[in-house]
Structures are given as structure tokens and as C-alpha cells.
There are 2 protein chains.
Amino acid sequence: MTIRGNLFIVSAPSGAGKSSLISALLKDKPSDMQVSVSHTTRQPRPGEVNGQHYHFVSIEEFKALIAANAFFEWAEVFGNYYGTSRTVIEQTLAKGIDVFLDIDWQGGEQVKKLMPEAVGVFILPPSKTELARRLTGRGQDSQDVIDSRMAQAVSEMSHYTQYDFVIVNDDFDTALVDLQAIIRSQRLTCASQSHTHNGMLVDLLAN
Amino acid sequence: MTIRGNLFIVSAPSGAGKSSLISALLKDKPSDMQVSVSHTTRQPRPGEVNGQHYHFVSIEEFKALIAANAFFEWAEVFGNYYGTSRTVIEQTLAKGIDVFLDIDWQGGEQVKKLMPEAVGVFILPPSKTELARRLTGRGQDSQDVIDSRMAQAVSEMSHYTQYDFVIVNDDFDTALVDLQAIIRSQRLTCASQSHTHNGMLVDLLAN
């Protein structure tokens with residue numbers, strides 16, 4: 001059996017619970033699932049481990065990787081570079097490990113272009129009211145800040161149609177089972193199973 | 001919320017455990033799943049209930065239904081007619097109920113042509129050896145009969161590539177969870193969720 005992992009692009013507006021769902025998914029440290037570890041040029045924060053939280057590299061190394069087309073996608077944010085390495089992901093998938101890319105719709109679009117077989121999962125809140133409640137937080141921010149968050153959320157959500165699956169995160173436990181079902185089902189596609197059981201299928205169909 | 005059920009075409013060679021899996025799936029009589037109930041012109045057997053085991057009709061009624069293009073697929077077997085009614089299936093799906101069509105690859109191909117959004121699931125045995133063991137049964141049949149069953153099985157299995165999902169039924173409980181994951185994931189596709197949560201999405205994305 002030669003299992004190949006699947007690449008999942010997971011996107012959501014703030015307040016949808018995406019990070020909590022991914023954390024819960026990986027809570028028991030399954031051997032066949034990982035969150036994609038990005039490359040960055042920023043300094044590690046206390047407690048961050050190289051290769052676990054990020055691959056920490058110099059700006060020169062990062063630019064060399066860009067020039068070598070090593071990234072699915074990259075961006076500069078406040079002087080620091082961040083990117084998703086295609087090589088690292090390919091190596092992880094080849095080991096039979098599913099990889100989760102916690103990424104916005106624009107990054108997701110770039111990845112999907114380069115790897116059409118990547119599976120897009122969009123997490124939505126159960127209603128506008130609930131989203132507003134979650135974005136308001138402790139009520140310490142000005143209305144302008146809250147309105148800005150909501151506009152950003154609506155903008156992100158408008159791209160849900162570009163995704164393969166949609167999870168409405170109303171009850172958290174239900175949403176988690178939904179996510180697990182999607183992940184499991186992608187190992188059962190004809191393409192995935194043909195790859196996994198290649199030898200057995202040749203034998204099964206021989207006359 | 002307006003849920004639309006999904007149509008699942010489930011095929012397998014003899015000995016793969018398809019019928020057992022479908023029975024186990026429906027054991028607790030879930031309200032959102034049903035096996036498709038075929039039409040037939042044969043006489044009911046003791047214990048069979050009209051509308052539950054089959055829709056029992058006369059040959060005239062059956063031929064009128066053929067003429068009215070009511071069937072996804074139909075066939076005559078030893079003088080009796082059997083068919084899958086498109087109307088009955090459409091009505092069941094519209095009620096938000098998933099429908100399972102226990103059918104061979106040829107019937108499945110006809111259904112997929114008429115309803116491309118139907119989801120094909122092929123059940124395979126875990127190996128040729130295990131298949132031979134299951135097809136041999138109690139060892140009361142001649143080698144010719146067993147060889148014929150195996151040839152028929154190999155012929156059916158050669159069409160697995162026409163299906164969307166493949167389940168290798170090695171451990172039964174695992175295969176059942178696989179089937180449940182596929183079913184659940186199909187309610188989470190973008191198309192299905194857009195339909196189910198139509199009103200909520202309009203509100204969510206309004207400015």
C-alpha cells in the first residue's frame with residue numbers, strides 16, 4: 001500500500017472557528033495529519049521551535065527560494081516574509097500525511113492553480129448575528145473597528161463558492177465530525193484508492 | 001434550511017459485502033436515508049410489502065411507465081420486469097433523503113448519464129484470495145460454477161474506475177465508517193450546502 005496524503009486548503013472569516021477546529025483535529029497528534037509549516041524571515045518568538053511553528057530563514061534564503069519557485073504562495077507583511085513551500089508540502093504528502101493549509105482565499109486560489117487536486121474547505125459561521133457577536137468580542141473596540149472586521153469577514157466569505165466543501169460551524173462538535181468526514185472521504189476517492197491499492201488492484205483484476 | 005438528498009449508486013462484485021454494508025447503514029432506520037425501491041411486475045413473495053420491498057405493478061402499467069420515460073433504467077429478467085423509477089427517486093431526494101441504488105455497473109452508467117450529480121461508490125474485496133474464498137462458499141459447487149462467479153466478479157470490478165469513491169471491504173466496521181464518511185461528506189459539498197443554507201448565505205453575505 002502506498003498512501004499519498006491530500007492537501008487541504010482551509011479558509012474562513014475571523015470568528016468562524018477555523019483555528020479551533022484544526023487544533024481539535026490534531027489534538028491527539030495523529031500520525032497522518034499535519035498543519036503546513038510556513039517559511040518566515042521574522043525572528044522566532046519565545047517557545048517557537050524551528051521546523052515546528054515555522055521554518056525560520058534569512059531574507060537572502062527566502063529570496064533565493066522565491067527565485068527557485070519553491071513557494072506555492074508568499075507575501076510580505078510589515079517587513080517580514082511568509083511563504084508556503086511547495087517542496088516541503090510535496091514531501092509530506094508523499095509520506096501519506098494529509099496537510100492542512102490555514103490560509104485566506106487569495107492564497108488558496110494560488111495554491112489551487114498550482115495543485116488542482118488540493119481540496120478546499122471553507123468554514124462559515126451559522127449566521128450574521130452570531131458572526132457579529134463573535135467579532136464584537138468583549139465590547140472594548142470602537143464600532144469602526146468592529147464594522148471593519150465585519151466588512152473583512154464578508155469579503156472573505158464571498159469567496160466560499162470557490163471551495164469544494166463548506167462547513168457551517170454552529171455546534172463545534174458537529175463541525176469537527178464534518179471536517180473528519182471530509183478528510184476521510186478524500187482518502188476514498190477513486191484516484192486516491194487506485195494509488196493506495198495499486199498492487200492489490202492489478203492482482204484483483206487479472207484473469 | 002432546504003436539504004436535498006444525494007443519490008448514491010452502490011456497485012460491487014458478489015462477495016464484496018455490499019448488501020451487508022447497506023443493511024448495516026440502515027439498521028437503525030435513519031430518517032434521512034433509504035434504499036431505492038424498484039418497480040416490478042413479478043408477484044409479491046410472502047412477507048413482501050408493496051412500496052417497501054418493491055412497487056408491484058402490472059405489465060401494462062410497467063410498459064406505460066417505460067413509454068413515459070419514467071425509469072432511470074429497467075430490465076427484463078426471466079419474464080419479469082424490474083425498473084428504477086426516476087419520479088420516485090426525485091421525490092425522495094426532494095424530501096432531503098439520501099437514496100441508495102444497489103445496482104450493477106451497467107445500470108449505474110445509465111443512471112449517471114441521466115443524473116451526473118449521482119455519487120458512485122464501488123465496494124471491493126480486500127484481495128483476490130479473499131474474494132475466491134467468499135465466492136467458494138461451502139464448497140458444494142463445481143469448479144466451473146466457481147470459475148464462472150469469479151469471471152463475473154472480475155468483469156464487474158473492472159468498471160470501478162467509473163466510480164467516484166472506492167471502499168475496500170477488509171474489516172467490515174471500518175468499511176461501514178468509510179461509507180458513512182462518504183455520505184456525510186456529500187452533504188457538505190459547496191453545491192449541497194449552498195442549497196441547504198441558501199437563506200442564511202444571502203443574509204451572511206449582504207452588506
# chains A, B, ... in the order shown; residues from 1 in each chain; ligands from 1
>>> interface_residues(of="chain B", to="chain A", cutoff="6 Å", atoms="only C-alpha atoms", output="MDAnalysis selection string")
chainID B and resid 128 154 164:166 181:182 185 188:190 204:205
>>> residues_around(residues="region 50-53 of chain A", least_positions_apart="5", cutoff="9 Å", atoms="only C-alpha atoms", output="ChimeraX atom specification")
/A:37-39,44
>>> select_by_dssp(residues="region 25-199 of chain B", states="helix (DSSP H, G or I)", output="MDAnalysis selection string")
chainID B and resid 25:26 59:67 86:94 105:114 128:136 143:157 160:162 172:186 190:196 198:199
>>> closest_residue(among="A:His159, A:Asp32, A:Met1, A:Leu176", to="Leu93 (chain A)", atoms="only C-alpha atoms")
A:Asp32
>>> select_by_dssp(residues="region 10-171 of chain B", states="strand (DSSP E)", output="JSON, numbers by chain")
{"B": [10, 11, 33, 34, 35, 39, 40, 55, 56, 71, 72, 73, 74, 75, 76, 77, 80, 81, 82, 83, 84, 85, 98, 99, 100, 101, 102, 119, 120, 121, 122, 123, 124, 165, 166, 167, 168]}
>>> decode(residues="region 23-51 of chain B", atoms="N, CA and C atoms", output="CSV table (one decimal), in the first residue's frame")
chain,number,residue,atom,x,y,z
B,23,SER,N,-27.3,-2.8,4.6
B,23,SER,CA,-28.2,-3.1,5.7
B,23,SER,C,-27.7,-2.5,7.0
B,24,ALA,N,-26.4,-2.6,7.2
B,24,ALA,CA,-25.9,-2.1,8.5
B,24,ALA,C,-26.1,-0.5,8.5
B,25,LEU,N,-25.9,0.1,7.4
B,25,LEU,CA,-26.1,1.5,7.3
B,25,LEU,C,-27.5,1.9,7.7
B,26,LEU,N,-28.5,1.1,7.3
B,26,LEU,CA,-29.9,1.5,7.5
B,26,LEU,C,-30.5,0.8,8.7
B,27,LYS,N,-29.7,0.0,9.5
B,27,LYS,CA,-30.1,-0.8,10.6
B,27,LYS,C,-31.0,0.0,11.6
B,28,ASP,N,-30.6,1.2,11.9
B,28,ASP,CA,-31.3,1.9,12.9
B,28,ASP,C,-32.4,2.8,12.3
B,29,LYS,N,-32.7,2.5,11.1
B,29,LYS,CA,-33.8,3.2,10.4
B,29,LYS,C,-33.6,4.8,10.4
B,30,PRO,N,-32.5,5.2,9.9
B,30,PRO,CA,-32.3,6.7,9.9
B,30,PRO,C,-33.4,7.4,9.0
B,31,SER,N,-33.8,8.5,9.4
B,31,SER,CA,-34.9,9.2,8.6
B,31,SER,C,-34.4,9.8,7.4
B,32,ASP,N,-33.1,10.0,7.2
B,32,ASP,CA,-32.6,10.7,6.0
B,32,ASP,C,-31.9,9.8,5.0
B,33,MET,N,-32.2,8.5,5.1
B,33,MET,CA,-31.6,7.5,4.1
B,33,MET,C,-32.6,6.4,3.8
B,34,GLN,N,-32.5,6.0,2.5
B,34,GLN,CA,-33.4,4.9,2.0
B,34,GLN,C,-32.8,4.2,0.9
B,35,VAL,N,-33.0,2.9,0.8
B,35,VAL,CA,-32.6,2.2,-0.4
B,35,VAL,C,-33.7,2.4,-1.4
B,36,SER,N,-33.3,2.6,-2.7
B,36,SER,CA,-34.3,2.8,-3.7
B,36,SER,C,-35.2,1.6,-3.8
B,37,VAL,N,-36.5,1.8,-3.9
B,37,VAL,CA,-37.4,0.8,-4.1
B,37,VAL,C,-37.8,0.6,-5.5
B,38,SER,N,-37.5,-0.5,-6.1
B,38,SER,CA,-37.7,-0.7,-7.6
B,38,SER,C,-39.1,-1.0,-7.9
B,39,HIS,N,-39.5,-0.8,-9.1
B,39,HIS,CA,-40.8,-1.3,-9.6
B,39,HIS,C,-40.6,-2.7,-10.2
B,40,THR,N,-41.6,-3.6,-10.1
B,40,THR,CA,-41.5,-4.9,-10.7
B,40,THR,C,-42.9,-5.4,-11.0
B,41,THR,N,-42.9,-6.3,-12.0
B,41,THR,CA,-44.2,-6.9,-12.4
B,41,THR,C,-44.3,-8.3,-11.9
B,42,ARG,N,-43.3,-8.8,-11.1
B,42,ARG,CA,-43.4,-10.1,-10.6
B,42,ARG,C,-44.4,-10.1,-9.4
B,43,GLN,N,-44.8,-11.3,-9.0
B,43,GLN,CA,-45.8,-11.4,-7.9
B,43,GLN,C,-45.0,-11.2,-6.6
B,44,PRO,N,-45.7,-10.5,-5.6
B,44,PRO,CA,-45.0,-10.4,-4.3
B,44,PRO,C,-44.8,-11.8,-3.6
B,45,ARG,N,-43.7,-11.9,-2.9
B,45,ARG,CA,-43.5,-13.1,-2.2
B,45,ARG,C,-44.0,-12.9,-0.8
B,46,PRO,N,-44.2,-14.0,0.0
B,46,PRO,CA,-44.8,-13.9,1.3
B,46,PRO,C,-43.9,-12.9,2.2
B,47,GLY,N,-44.6,-12.0,2.8
B,47,GLY,CA,-43.9,-11.0,3.6
B,47,GLY,C,-43.5,-9.7,2.9
B,48,GLU,N,-43.5,-9.7,1.6
B,48,GLU,CA,-43.2,-8.5,0.9
B,48,GLU,C,-44.3,-7.5,0.9
B,49,VAL,N,-44.0,-6.3,1.2
B,49,VAL,CA,-45.0,-5.2,1.3
B,49,VAL,C,-44.8,-4.2,0.1
B,50,ASN,N,-46.0,-3.9,-0.5
B,50,ASN,CA,-46.0,-3.0,-1.6
B,50,ASN,C,-45.5,-1.6,-1.2
B,51,GLY,N,-44.5,-1.1,-1.9
B,51,GLY,CA,-44.0,0.2,-1.6
B,51,GLY,C,-42.8,0.1,-0.7
